[in-house]
$ cat structure-v2.cif   # mmCIF, C-alpha atoms and all ligand atoms
data_target
#
loop_
_atom_site.label_atom_id
_atom_site.label_comp_id
_atom_site.auth_asym_id
_atom_site.auth_seq_id
_atom_site.Cartn_x
_atom_site.Cartn_y
_atom_site.Cartn_z
CA MET A 30 58.83 15.13 106.63
CA VAL A 31 56.55 12.14 106.11
CA ARG A 32 55.22 12.77 109.58
CA THR A 33 54.53 16.44 108.77
CA LEU A 34 52.71 15.48 105.57
CA LEU A 35 50.67 12.86 107.40
CA LEU A 36 49.66 15.19 110.19
CA ALA A 37 49.09 18.33 108.13
CA GLY A 38 49.24 17.46 104.41
CA PRO A 39 48.78 18.23 101.59
CA LEU A 40 51.32 21.05 101.91
CA SER A 41 53.06 23.26 99.38
CA ARG A 42 56.82 22.98 99.14
CA ALA A 43 57.14 26.48 100.56
CA GLU A 44 54.97 25.63 103.56
CA LEU A 45 56.76 22.33 104.07
CA ALA A 46 60.16 24.04 103.95
CA ARG A 47 58.94 26.57 106.50
CA ARG A 48 57.60 23.92 108.88
CA LEU A 49 60.75 21.79 108.60
CA GLU A 50 63.04 24.82 108.77
CA ARG A 51 64.82 23.75 105.60
CA SER A 52 65.99 25.71 102.58
CA PRO A 53 64.21 24.96 99.26
CA ALA A 54 67.37 23.27 97.99
CA SER A 55 67.70 20.96 100.99
CA LEU A 56 63.98 20.19 100.84
CA THR A 57 64.36 19.06 97.23
CA LYS A 58 67.10 16.67 98.34
CA VAL A 59 64.65 15.07 100.76
CA THR A 60 61.59 15.05 98.51
CA GLN A 61 63.19 13.68 95.35
CA PRO A 62 63.82 10.13 96.58
CA LEU A 63 60.40 10.05 98.24
CA LEU A 64 58.75 11.15 94.99
CA ALA A 65 60.81 8.60 93.06
CA SER A 66 59.79 5.81 95.46
CA GLY A 67 56.12 6.78 95.15
CA LEU A 68 55.78 7.40 98.87
CA ILE A 69 54.67 10.96 98.19
CA ARG A 70 53.19 12.59 95.08
CA GLU A 71 52.34 16.01 93.77
CA ASP A 72 48.69 16.80 94.23
CA THR A 73 48.09 18.32 90.82
CA ALA A 74 44.33 18.32 91.38
CA GLN A 75 44.82 21.12 93.88
CA THR A 76 46.64 23.50 91.57
CA SER A 77 46.24 24.90 88.09
CA GLU A 78 49.95 24.68 87.50
CA ALA A 79 51.46 21.96 85.38
CA ARG A 80 52.60 18.74 87.02
CA GLY A 81 56.06 19.04 88.48
CA ARG A 82 55.87 22.77 89.01
CA PRO A 83 56.92 23.93 92.47
CA GLY A 84 53.38 25.15 93.22
CA ALA A 85 51.86 21.67 93.38
CA PRO A 86 51.25 20.61 97.00
CA LEU A 87 52.88 17.40 98.16
CA VAL A 88 50.72 14.66 99.58
CA LEU A 89 51.51 11.29 101.11
CA ARG A 90 50.20 8.30 99.17
CA ALA A 91 48.79 6.78 102.31
CA GLU A 92 46.81 4.13 100.47
CA LEU A 93 49.95 2.45 99.20
CA HIS A 94 51.30 1.64 102.64
CA LEU A 95 49.57 -1.00 104.71
CA PHE A 96 50.10 -1.81 108.37
CA LEU A 97 48.69 -4.26 110.87
CA GLY A 98 47.92 -3.20 114.40
CA VAL A 99 47.19 -5.62 117.24
CA LYS A 100 45.91 -4.98 120.74
CA VAL A 101 46.41 -7.77 123.27
CA THR A 102 44.24 -7.82 126.40
CA ALA A 103 44.26 -10.48 129.13
CA ASP A 104 41.66 -12.55 127.28
CA GLU A 105 41.37 -11.29 123.71
CA VAL A 106 43.36 -10.18 120.68
CA TYR A 107 42.09 -7.47 118.31
CA ALA A 108 43.68 -6.68 114.96
CA VAL A 109 43.15 -4.10 112.23
CA ARG A 110 44.70 -3.46 108.84
CA THR A 111 45.19 0.23 108.06
CA ASP A 112 46.83 2.47 105.51
CA ALA A 113 49.48 5.02 106.42
CA ALA A 114 46.83 7.56 107.35
CA GLY A 115 45.47 5.18 109.96
CA ARG A 116 42.30 4.41 108.00
CA VAL A 117 40.96 0.97 108.93
CA GLU A 118 40.48 -1.42 106.00
CA ALA A 119 39.69 -4.64 107.86
CA THR A 120 39.35 -5.95 111.41
CA GLY A 121 39.69 -9.30 113.14
CA HIS A 122 39.35 -10.71 116.65
CA ARG A 123 40.32 -13.84 118.61
CA THR A 124 39.58 -15.06 122.13
CA LEU A 125 42.49 -16.34 124.20
CA ASP A 126 42.16 -19.67 126.03
CA ASP A 127 45.17 -18.81 128.16
CA VAL A 128 47.85 -16.14 128.34
CA GLU A 129 50.90 -18.28 127.59
CA PRO A 130 53.10 -16.39 125.09
CA ALA A 131 52.83 -19.32 122.64
CA THR A 132 49.01 -19.12 122.70
CA VAL A 133 48.99 -15.37 122.16
CA VAL A 134 51.56 -15.66 119.35
CA ASP A 135 49.44 -18.35 117.62
CA GLN A 136 46.36 -16.13 117.70
CA ILE A 137 48.27 -13.11 116.41
CA LEU A 138 49.73 -15.21 113.57
CA ASP A 139 46.23 -16.40 112.73
CA LEU A 140 45.04 -12.79 112.52
CA VAL A 141 48.06 -11.80 110.42
CA LYS A 142 47.12 -14.59 108.02
CA GLU A 143 43.50 -13.43 107.95
CA LEU A 144 44.15 -9.71 107.49
CA GLY A 145 47.58 -9.55 105.91
CA ARG A 146 48.16 -9.14 102.23
CA PRO A 147 51.30 -11.10 101.43
CA GLY A 148 54.19 -8.80 100.66
CA GLU A 149 52.13 -5.66 101.22
CA ILE A 150 52.18 -5.24 104.98
CA GLN A 151 55.05 -2.92 105.83
CA ALA A 152 55.06 -3.38 109.57
CA LEU A 153 53.18 -4.97 112.43
CA GLY A 154 52.50 -2.97 115.59
CA ILE A 155 51.60 -4.62 118.89
CA GLY A 156 49.90 -2.56 121.60
CA ILE A 157 50.04 -4.23 124.99
CA ALA A 158 50.13 -3.11 128.61
CA GLY A 159 53.61 -2.85 130.07
CA GLN A 160 56.69 -0.74 130.56
CA MET A 161 58.04 -0.60 127.04
CA ALA A 162 60.43 1.96 125.56
CA ARG A 163 59.19 4.06 122.65
CA PHE A 164 59.80 1.62 119.78
CA ASP A 165 60.47 -1.60 121.67
CA ASP A 166 60.56 -5.24 120.62
CA THR A 167 60.04 -6.83 124.01
CA VAL A 168 57.07 -6.90 126.39
CA ARG A 169 58.22 -5.77 129.81
CA GLY A 170 56.30 -5.67 133.08
CA ASN A 171 52.84 -6.70 131.89
CA ILE A 172 51.03 -7.55 135.13
CA TYR A 173 47.81 -8.65 133.43
CA LEU A 174 49.42 -11.44 131.44
CA GLY A 175 52.23 -11.99 133.94
CA TRP A 176 54.76 -11.34 131.16
CA ASP A 177 58.19 -9.83 131.66
CA ASP A 178 60.94 -9.73 129.06
CA VAL A 179 58.93 -11.64 126.46
CA PRO A 180 60.60 -10.95 123.07
CA LEU A 181 57.31 -10.76 121.21
CA GLY A 182 58.69 -8.61 118.36
CA PRO A 183 61.48 -10.99 117.28
CA ILE A 184 59.18 -14.03 117.66
CA LEU A 185 56.55 -12.50 115.37
CA GLU A 186 59.12 -11.12 112.93
CA GLU A 187 60.68 -14.54 112.59
CA ALA A 188 57.31 -16.19 111.98
CA THR A 189 55.84 -13.58 109.61
CA GLY A 190 58.81 -11.89 107.98
CA ILE A 191 57.12 -8.58 108.81
CA PRO A 192 59.07 -5.98 110.82
CA THR A 193 57.36 -5.78 114.22
CA VAL A 194 57.34 -3.11 116.91
CA VAL A 195 55.94 -3.40 120.44
CA SER A 196 54.46 -0.41 122.24
CA GLY A 197 52.73 0.38 125.51
CA ASP A 198 49.04 0.27 124.67
CA ALA A 199 48.07 3.66 126.12
CA ARG A 200 50.82 5.35 124.15
CA ALA A 201 49.74 3.49 121.01
CA LEU A 202 46.13 4.56 121.52
CA THR A 203 47.37 8.13 121.93
CA ALA A 204 49.36 7.92 118.70
CA GLY A 205 46.19 6.88 116.85
CA VAL A 206 44.13 9.60 118.51
CA GLN A 207 46.73 12.17 117.41
CA TRP A 208 47.40 10.82 113.89
CA SER A 209 43.83 10.47 112.70
CA GLY A 210 41.49 10.47 115.69
CA PRO A 211 39.83 13.13 117.82
CA GLY A 212 43.23 14.68 118.67
CA ARG A 213 44.13 15.42 115.05
CA GLY A 214 44.90 19.11 114.67
CA THR A 215 45.48 19.55 118.43
CA SER A 216 49.16 20.03 119.33
CA ASP A 217 48.91 19.46 123.07
CA PHE A 218 46.62 17.08 124.90
CA ALA A 219 46.53 14.04 127.16
CA VAL A 220 44.65 10.78 126.83
CA VAL A 221 43.64 9.18 130.13
CA THR A 222 42.33 5.64 129.86
CA VAL A 223 40.25 3.71 132.38
CA GLY A 224 39.39 0.05 132.25
CA VAL A 225 41.40 -2.90 133.53
CA GLY A 226 44.08 -0.32 134.43
CA VAL A 227 44.63 3.42 134.33
CA GLY A 228 46.73 4.62 131.40
CA LEU A 229 48.12 7.90 130.15
CA GLY A 230 49.43 9.23 126.87
CA ILE A 231 50.68 12.80 126.50
CA VAL A 232 51.08 14.80 123.29
CA LEU A 233 53.21 17.93 123.62
CA GLY A 234 54.11 20.06 120.62
CA ASP A 235 52.62 17.52 118.18
CA THR A 236 54.79 14.74 119.63
CA VAL A 237 53.70 11.76 121.71
CA LEU A 238 55.82 12.06 124.83
CA ALA A 239 58.06 9.11 125.59
CA GLY A 240 60.51 10.67 128.07
CA PRO A 241 64.20 9.81 128.45
CA THR A 242 63.43 6.20 129.39
CA GLY A 243 60.69 5.91 126.78
CA ARG A 244 58.30 5.03 129.56
CA ALA A 245 56.76 8.36 130.53
CA GLY A 246 53.15 8.36 131.64
CA MET A 247 52.94 6.07 134.65
CA LEU A 248 49.74 7.42 136.13
CA GLY A 249 48.13 4.26 137.47
CA HIS A 250 49.43 4.44 141.03
CA HIS A 251 49.43 8.22 141.38
CA ARG A 252 47.87 8.99 144.76
CA VAL A 253 44.70 10.99 144.49
CA SER A 254 43.44 10.79 148.09
CA ALA A 255 44.90 10.22 151.56
CA SER A 256 42.05 7.83 152.30
CA GLY A 257 40.10 5.39 150.18
CA PRO A 258 40.43 1.77 149.11
CA LEU A 259 43.67 -0.16 148.58
CA CYS A 260 44.93 -1.06 145.11
CA PRO A 261 46.30 -4.59 144.46
CA LEU A 262 49.81 -3.25 145.19
CA GLY A 263 48.71 -1.97 148.58
CA HIS A 264 48.55 1.77 147.88
CA ARG A 265 45.75 3.53 149.69
CA GLY A 266 43.86 6.01 147.55
CA CYS A 267 45.86 5.65 144.32
CA ALA A 268 44.25 6.07 140.90
CA THR A 269 44.01 2.30 140.41
CA ALA A 270 42.24 1.90 143.76
CA PHE A 271 39.41 4.19 142.59
CA LEU A 272 39.24 3.98 138.83
CA THR A 273 39.77 0.52 137.41
CA THR A 274 36.71 -1.47 136.44
CA ASP A 275 37.69 -4.06 139.05
CA ALA A 276 37.93 -1.41 141.78
CA ILE A 277 34.49 -0.06 140.89
CA THR A 278 32.70 -3.39 140.53
CA ARG A 279 34.22 -4.75 143.74
CA GLY A 280 33.51 -1.53 145.59
CA ILE A 281 29.84 -1.83 144.63
CA GLY A 282 29.47 -5.61 144.42
CA VAL A 283 31.09 -6.72 147.68
CA PRO A 284 28.75 -4.74 150.03
CA HIS A 285 25.84 -6.24 148.07
CA GLY A 286 27.21 -9.79 148.31
CA ARG A 287 27.69 -9.79 144.51
CA ALA A 288 31.41 -10.21 144.00
CA ASP A 289 30.90 -11.07 140.31
CA LEU A 290 29.13 -7.80 139.47
CA ASP A 291 30.16 -6.34 136.10
CA LEU A 292 30.34 -2.68 135.12
CA ASP A 293 26.99 -2.64 133.32
CA GLN A 294 25.29 -4.12 136.39
CA ALA A 295 27.06 -1.58 138.59
CA ILE A 296 25.76 1.21 136.35
CA GLU A 297 22.25 -0.28 136.55
CA LEU A 298 22.41 -0.20 140.34
CA ALA A 299 23.42 3.46 140.21
CA ASP A 300 20.63 4.13 137.69
CA ALA A 301 18.20 2.71 140.27
CA GLY A 302 19.56 5.07 142.92
CA ASP A 303 21.60 2.54 144.91
CA ALA A 304 23.51 4.59 147.50
CA VAL A 305 26.66 2.42 147.48
CA ALA A 306 26.90 2.51 143.69
CA LEU A 307 26.36 6.26 143.57
CA ARG A 308 29.08 6.82 146.18
CA VAL A 309 31.62 4.56 144.42
CA PHE A 310 31.00 6.28 141.07
CA ALA A 311 31.24 9.70 142.73
CA ASP A 312 34.56 8.68 144.33
CA ALA A 313 35.80 7.49 140.92
CA GLY A 314 34.73 10.79 139.36
CA HIS A 315 36.55 12.69 142.07
CA ALA A 316 39.72 10.66 141.47
CA LEU A 317 39.52 11.18 137.71
CA GLY A 318 39.05 14.90 138.26
CA VAL A 319 42.18 15.06 140.41
CA LEU A 320 44.20 13.39 137.64
CA VAL A 321 42.81 15.68 134.94
CA ALA A 322 43.41 18.83 137.00
CA GLN A 323 46.94 17.84 137.94
CA LEU A 324 47.86 17.06 134.33
CA VAL A 325 46.57 20.48 133.31
CA ASN A 326 48.34 22.20 136.23
CA LEU A 327 51.64 20.51 135.37
CA LEU A 328 51.60 20.73 131.59
CA GLY A 329 49.15 23.52 130.73
CA LEU A 330 47.18 21.21 128.45
CA PRO A 331 44.09 22.70 126.80
CA ALA A 332 42.41 19.32 126.31
CA VAL A 333 42.14 15.95 128.01
CA ILE A 334 40.57 13.02 126.18
CA LEU A 335 39.08 10.22 128.27
CA ALA A 336 39.05 6.75 126.74
CA GLY A 337 38.99 3.07 127.60
CA ASP A 338 36.45 0.33 128.13
CA GLY A 339 35.68 1.59 131.65
CA LEU A 340 34.40 4.91 130.33
CA GLY A 341 30.79 3.85 131.04
CA MET A 342 31.48 5.04 134.58
CA LEU A 343 31.03 8.61 133.36
CA ALA A 344 27.27 8.08 133.25
CA HIS A 345 27.38 8.56 137.01
CA ALA A 346 30.92 9.84 137.66
CA ARG A 347 30.91 12.91 135.42
CA PRO A 348 29.36 15.47 137.83
CA ALA A 349 31.87 14.55 140.57
CA MET A 350 34.69 14.60 138.01
CA GLU A 351 33.77 18.08 136.82
CA ALA A 352 33.52 19.38 140.39
CA SER A 353 36.87 17.80 141.20
CA VAL A 354 38.57 19.32 138.14
CA ALA A 355 37.31 22.75 139.21
CA GLU A 356 38.41 22.14 142.79
CA HIS A 357 41.93 20.97 141.97
CA LEU A 358 42.77 23.24 139.07
CA ASP A 359 45.28 25.96 139.86
CA PRO A 360 43.45 29.31 140.07
CA HIS A 361 45.62 30.56 137.21
CA ALA A 362 45.10 27.52 134.99
CA THR A 363 42.75 27.65 132.02
CA PRO A 364 40.02 25.01 132.40
CA PRO A 365 40.61 22.26 129.82
CA SER A 366 38.08 20.74 127.50
CA VAL A 367 37.45 17.22 128.76
CA VAL A 368 36.18 14.97 125.99
CA ALA A 369 35.00 11.37 126.30
CA PHE A 370 36.16 9.24 123.36
CA SER A 371 34.10 6.05 123.36
CA SER A 372 35.77 3.41 121.28
CA GLY A 373 36.24 -0.32 121.26
CA PHE A 374 39.49 -2.27 121.33
CA ASP A 375 39.76 -1.91 117.55
CA GLU A 376 40.74 1.70 118.22
CA TRP A 377 43.61 0.50 120.44
CA ALA A 378 44.68 -1.86 117.66
CA ARG A 379 44.49 1.03 115.19
CA GLY A 380 46.82 2.99 117.46
CA ALA A 381 49.30 0.10 117.35
CA ALA A 382 49.14 0.22 113.53
CA VAL A 383 49.88 3.95 113.68
CA VAL A 384 52.92 3.24 115.87
CA ALA A 385 54.10 0.69 113.28
CA CYS A 386 53.60 3.28 110.55
CA GLN A 387 55.51 5.95 112.49
CA TRP A 388 58.29 3.50 113.21
CA MET A 389 58.70 2.55 109.56
CA LEU A 390 58.04 5.87 107.85
CA VAL A 391 59.30 8.32 110.42
CA ASP A 392 62.01 6.47 112.31
CA PRO A 393 62.91 3.45 110.16
CA PRO A 394 64.83 0.79 112.08
CA GLY A 395 68.53 1.48 111.88
CA ALA A 396 68.16 4.85 110.16
CA GLU A 397 68.99 8.35 111.35
CA PRO A 398 65.82 10.26 112.31
CA ALA A 399 64.47 12.21 109.32
ZN ZN B 1 48.33 1.63 143.47
#
$ encode --input "structure-v2.cif" --output "structure tokens"
Amino acid sequence: MVRTLLLAGPLSRAELARRLERSPASLTKVTQPLLASGLIREDTAQTSEARGRPGAPLVLRAELHLFLGVKVTADEVYAVRTDAAGRVEATGHRTLDDVEPATVVDQILDLVKELGRPGEIQALGIGIAGQMARFDDTVRGNIYLGWDDVPLGPILEEATGIPTVVSGDARALTAGVQWSGPGRGTSDFAVVTVGVGVGLGIVLGDTVLAGPTGRAGMLGHHRVSASGPLCPLGHRGCATAFLTTDAITRGIGVPHGRADLDLDQAIELADAGDAVALRVFADAGHALGVLVAQLVNLLGLPAVILAGDGLGMLAHARPAMEASVAEHLDPHATPPSVVAFSSGFDEWARGAAVVACQWMLVDPPGAEPA
């Protein structure tokens, strides 16, 4: 119910009962303790009826519930404090000297100290690359930090006293996009991220898809072409081989003898008409288009949101991407809207805070799902 109010509120009791498929009597059973705890309130400003009358819509008191979200990259840590609606109140940032778990934990604790309000933070959400289950406590299979089975949640919980949940970063970003970002109000969409890796989050029927293992959405090594460059795992023509920032900058930099080229410099080369740069960006656009079209073919999604710090590639990759979507879309599929969502790592951290909020308010640890 909290989730329904967050995503669609304020709602009248009648509308809430209809959406939750509950009788008015059973709805009252659920709302009374939430009203008593102050988690929700009657929005008397929206009705002429007296306070407490059934006509008053119910609204979540988002401002009373604070969460911290943290995004860990291979060299930086970003943190935000949000309310339950995912509104950012404060941000913080640290640079990592190394990727030892102890170093990363120290920096996160420093940010918790900086942004946390003692006793008021309900949960801490960590968004990090890896193969985590839906509400996990352990970092698994993070190739960028070389971490596997690092119990980051328990370590942070012990040090802070704040309940902590660990989530795959693409899924966390997607949760934030759905909760209070550009996906709000859209029931079905995918978020495809490009940057140091290729990530995917899927929302179907207003729910972020986790799959039976909790790890749905492994798109990074999906093969998009029978030819093309090799990814670090040795796949020819997989998404990673075309789309990561490293793949693009190496693809352009190496033929120019500039192995240390960054994405902005690669874009500048393409701006100047460099043939190698234009071809690499076109190949990336083609690969991205294949992914978008196949997601739409498989799931019938009306919208795909592109995000990530590698999104600058679209300056030169977009025409090839659009042609590739058209080429690979099933003739019976409805063309999706493809939207670029430019955002910094704070947005990834915000998604992790949303995951923490969902974990605490929607699926509290140890409780039956509401
Ligand atoms: Zn691969």
$ residues_near_ligand --input "structure-v2.cif" --ligand "ligand ZN 1 (chain B)" --cutoff "12 Å" --atoms "all atoms listed in the file" --output "list in words"
Gly226, Val227, Met247, Leu248, Gly249, His250, His251, Arg252, Val253, Ser254, Gly257, Pro258, Leu259, Cys260, Pro261, Leu262, Gly263, His264, Arg265, Gly266, Cys267, Ala268, Thr269, Ala270, Phe271, Leu272, Thr273 and Ala276 of chain A
$ write_last_selection --input "structure-v2.cif" --atoms "C-alpha atoms" --output "mmCIF file, keeping the file's coordinate frame"
data_model
loop_
_atom_site.group_PDB
_atom_site.id
_atom_site.type_symbol
_atom_site.label_atom_id
_atom_site.label_comp_id
_atom_site.auth_asym_id
_atom_site.auth_seq_id
_atom_site.Cartn_x
_atom_site.Cartn_y
_atom_site.Cartn_z
ATOM 1 C CA GLY A 226 44.080 -0.320 134.430
ATOM 2 C CA VAL A 227 44.630 3.420 134.330
ATOM 3 C CA MET A 247 52.940 6.070 134.650
ATOM 4 C CA LEU A 248 49.740 7.420 136.130
ATOM 5 C CA GLY A 249 48.130 4.260 137.470
ATOM 6 C CA HIS A 250 49.430 4.440 141.030
ATOM 7 C CA HIS A 251 49.430 8.220 141.380
ATOM 8 C CA ARG A 252 47.870 8.990 144.760
ATOM 9 C CA VAL A 253 44.700 10.990 144.490
ATOM 10 C CA SER A 254 43.440 10.790 148.090
ATOM 11 C CA GLY A 257 40.100 5.390 150.180
ATOM 12 C CA PRO A 258 40.430 1.770 149.110
ATOM 13 C CA LEU A 259 43.670 -0.160 148.580
ATOM 14 C CA CYS A 260 44.930 -1.060 145.110
ATOM 15 C CA PRO A 261 46.300 -4.590 144.460
ATOM 16 C CA LEU A 262 49.810 -3.250 145.190
ATOM 17 C CA GLY A 263 48.710 -1.970 148.580
ATOM 18 C CA HIS A 264 48.550 1.770 147.880
ATOM 19 C CA ARG A 265 45.750 3.530 149.690
ATOM 20 C CA GLY A 266 43.860 6.010 147.550
ATOM 21 C CA CYS A 267 45.860 5.650 144.320
ATOM 22 C CA ALA A 268 44.250 6.070 140.900
ATOM 23 C CA THR A 269 44.010 2.300 140.410
ATOM 24 C CA ALA A 270 42.240 1.900 143.760
ATOM 25 C CA PHE A 271 39.410 4.190 142.590
ATOM 26 C CA LEU A 272 39.240 3.980 138.830
ATOM 27 C CA THR A 273 39.770 0.520 137.410
ATOM 28 C CA ALA A 276 37.930 -1.410 141.780
#
$ residues_around --input "structure-v2.cif" --residues "A:Ala288" --least-positions-apart "3" --cutoff "12 Å" --atoms "all atoms listed in the file" --output "list of chain:residue names"
A:Asp275, A:Ala276, A:Ile277, A:Thr278, A:Arg279, A:Gly280, A:Ile281, A:Gly282, A:Val283, A:Pro284, A:His285, A:Asp291, A:Leu292, A:Gln294, A:Ala295
$ residues_around --input "structure-v2.cif" --residues "A:Ala385" --least-positions-apart "2" --cutoff "6 Å" --atoms "only C-alpha atoms" --output "JSON, numbers by chain"
{"A": [152, 153, 154, 382, 383, 387, 388]}
$ write_last_selection --input "structure-v2.cif" --atoms "C-alpha atoms" --output "tab-separated table (two decimals), keeping the file's coordinate frame"
chain	number	residue	atom	x	y	z
A	152	ALA	CA	55.06	-3.38	109.57
A	153	LEU	CA	53.18	-4.97	112.43
A	154	GLY	CA	52.50	-2.97	115.59
A	382	ALA	CA	49.14	0.22	113.53
A	383	VAL	CA	49.88	3.95	113.68
A	387	GLN	CA	55.51	5.95	112.49
A	388	TRP	CA	58.29	3.50	113.21
$ residues_around --input "structure-v2.cif" --residues "A:Ile172" --least-positions-apart "4" --cutoff "12 Å" --atoms "all atoms listed in the file" --output "list in words"
Thr102, Ala103, Val128, Ile157, Ala158, Gly159, Gln160, Val168, Trp176, Asp177, Asp178, Val225, Gly226, Pro261 and Leu262 of chain A
$ write_last_selection --input "structure-v2.cif" --atoms "C-alpha atoms" --output "CSV table (one decimal), in the frame of the given file"
chain,number,residue,atom,x,y,z
A,102,THR,CA,44.2,-7.8,126.4
A,103,ALA,CA,44.3,-10.5,129.1
A,128,VAL,CA,47.8,-16.1,128.3
A,157,ILE,CA,50.0,-4.2,125.0
A,158,ALA,CA,50.1,-3.1,128.6
A,159,GLY,CA,53.6,-2.8,130.1
A,160,GLN,CA,56.7,-0.7,130.6
A,168,VAL,CA,57.1,-6.9,126.4
A,176,TRP,CA,54.8,-11.3,131.2
A,177,ASP,CA,58.2,-9.8,131.7
A,178,ASP,CA,60.9,-9.7,129.1
A,225,VAL,CA,41.4,-2.9,133.5
A,226,GLY,CA,44.1,-0.3,134.4
A,261,PRO,CA,46.3,-4.6,144.5
A,262,LEU,CA,49.8,-3.2,145.2
$ closest_residue --input "structure-v2.cif" --among "A:Ala304, A:Thr33, A:Glu92, A:Arg42" --to "A:Thr236" --atoms "all atoms listed in the file"
A:Thr33
$ closest_residue --input "structure-v2.cif" --among "A:His94, A:His361, A:Arg110, A:Lys100" --to "A:Ala201" --atoms "all atoms listed in the file"
A:Lys100
$ residues_around --input "structure-v2.cif" --residues "A:Leu45" --least-positions-apart "6" --cutoff "10 Å" --atoms "only C-alpha atoms" --output "VMD selection string"
chain A and resid 30 33 to 34 37 to 39 51 to 53 56 86 to 87
$ closest_residue --input "structure-v2.cif" --among "A:Leu343, A:Val384, A:Val333, A:Asp166" --to "A:Val368" --atoms "only C-alpha atoms"
A:Val333
$ decode --input "structure-v2.cif" --residues "stretch 144-200 of chain A" --atoms "C-alpha atoms" --output "PDB file, in the first residue's frame"
ATOM      1  CA  LEU A 144      24.950  13.435   5.459  1.00  0.00           C
ATOM      2  CA  GLY A 145      23.255  11.362   8.123  1.00  0.00           C
ATOM      3  CA  ARG A 146      21.027  12.798  10.771  1.00  0.00           C
ATOM      4  CA  PRO A 147      21.571  10.681  13.867  1.00  0.00           C
ATOM      5  CA  GLY A 148      18.563   8.510  14.578  1.00  0.00           C
ATOM      6  CA  GLU A 149      16.657   9.763  11.548  1.00  0.00           C
ATOM      7  CA  ILE A 150      18.073   7.709   8.703  1.00  0.00           C
ATOM      8  CA  GLN A 151      15.825   4.688   8.261  1.00  0.00           C
ATOM      9  CA  ALA A 152      17.988   2.729   5.869  1.00  0.00           C
ATOM     10  CA  LEU A 153      21.132   2.898   3.800  1.00  0.00           C
ATOM     11  CA  GLY A 154      21.098   1.676   0.199  1.00  0.00           C
ATOM     12  CA  ILE A 155      24.265   0.789  -1.680  1.00  0.00           C
ATOM     13  CA  GLY A 156      24.212   0.670  -5.490  1.00  0.00           C
ATOM     14  CA  ILE A 157      27.205  -1.141  -6.925  1.00  0.00           C
ATOM     15  CA  ALA A 158      27.946  -3.209 -10.016  1.00  0.00           C
ATOM     16  CA  GLY A 159      27.587  -6.940  -9.523  1.00  0.00           C
ATOM     17  CA  GLN A 160      25.305  -9.931  -9.508  1.00  0.00           C
ATOM     18  CA  MET A 161      23.194  -9.209  -6.457  1.00  0.00           C
ATOM     19  CA  ALA A 162      19.760 -10.605  -5.625  1.00  0.00           C
ATOM     20  CA  ARG A 163      16.888  -8.141  -5.276  1.00  0.00           C
ATOM     21  CA  PHE A 164      17.460  -6.990  -1.680  1.00  0.00           C
ATOM     22  CA  ASP A 165      20.920  -8.368  -0.995  1.00  0.00           C
ATOM     23  CA  ASP A 166      23.492  -7.670   1.705  1.00  0.00           C
ATOM     24  CA  THR A 167      26.570  -8.934  -0.094  1.00  0.00           C
ATOM     25  CA  VAL A 168      28.461  -7.677  -3.148  1.00  0.00           C
ATOM     26  CA  ARG A 169      28.850 -10.527  -5.606  1.00  0.00           C
ATOM     27  CA  GLY A 170      30.767 -10.648  -8.873  1.00  0.00           C
ATOM     28  CA  ASN A 171      31.902  -7.021  -9.147  1.00  0.00           C
ATOM     29  CA  ILE A 172      34.585  -7.156 -11.846  1.00  0.00           C
ATOM     30  CA  TYR A 173      35.476  -3.463 -11.603  1.00  0.00           C
ATOM     31  CA  LEU A 174      36.517  -3.614  -7.962  1.00  0.00           C
ATOM     32  CA  GLY A 175      37.498  -7.276  -8.091  1.00  0.00           C
ATOM     33  CA  TRP A 176      35.038  -7.988  -5.266  1.00  0.00           C
ATOM     34  CA  ASP A 177      33.182 -11.238  -4.778  1.00  0.00           C
ATOM     35  CA  ASP A 178      31.204 -12.201  -1.690  1.00  0.00           C
ATOM     36  CA  VAL A 179      32.070  -9.004   0.185  1.00  0.00           C
ATOM     37  CA  PRO A 180      29.483  -8.668   3.003  1.00  0.00           C
ATOM     38  CA  LEU A 181      29.222  -4.901   2.641  1.00  0.00           C
ATOM     39  CA  GLY A 182      25.726  -4.696   4.175  1.00  0.00           C
ATOM     40  CA  PRO A 183      26.573  -6.340   7.519  1.00  0.00           C
ATOM     41  CA  ILE A 184      29.873  -4.413   7.758  1.00  0.00           C
ATOM     42  CA  LEU A 185      28.110  -1.062   7.301  1.00  0.00           C
ATOM     43  CA  GLU A 186      25.181  -2.030   9.524  1.00  0.00           C
ATOM     44  CA  GLU A 187      27.543  -2.963  12.304  1.00  0.00           C
ATOM     45  CA  ALA A 188      29.455   0.306  11.992  1.00  0.00           C
ATOM     46  CA  THR A 189      26.465   2.648  11.586  1.00  0.00           C
ATOM     47  CA  GLY A 190      23.557   0.902  13.266  1.00  0.00           C
ATOM     48  CA  ILE A 191      21.542   1.699  10.124  1.00  0.00           C
ATOM     49  CA  PRO A 192      19.833  -1.173   8.272  1.00  0.00           C
ATOM     50  CA  THR A 193      21.677  -1.545   4.962  1.00  0.00           C
ATOM     51  CA  VAL A 194      20.692  -3.107   1.654  1.00  0.00           C
ATOM     52  CA  VAL A 195      22.936  -3.777  -1.341  1.00  0.00           C
ATOM     53  CA  SER A 196      21.611  -3.659  -4.893  1.00  0.00           C
ATOM     54  CA  GLY A 197      22.898  -3.972  -8.431  1.00  0.00           C
ATOM     55  CA  ASP A 198      23.472  -0.395  -9.552  1.00  0.00           C
ATOM     56  CA  ALA A 199      21.517  -0.546 -12.816  1.00  0.00           C
ATOM     57  CA  ARG A 200      18.494  -1.929 -11.003  1.00  0.00           C
TER      58      ARG A 200
END
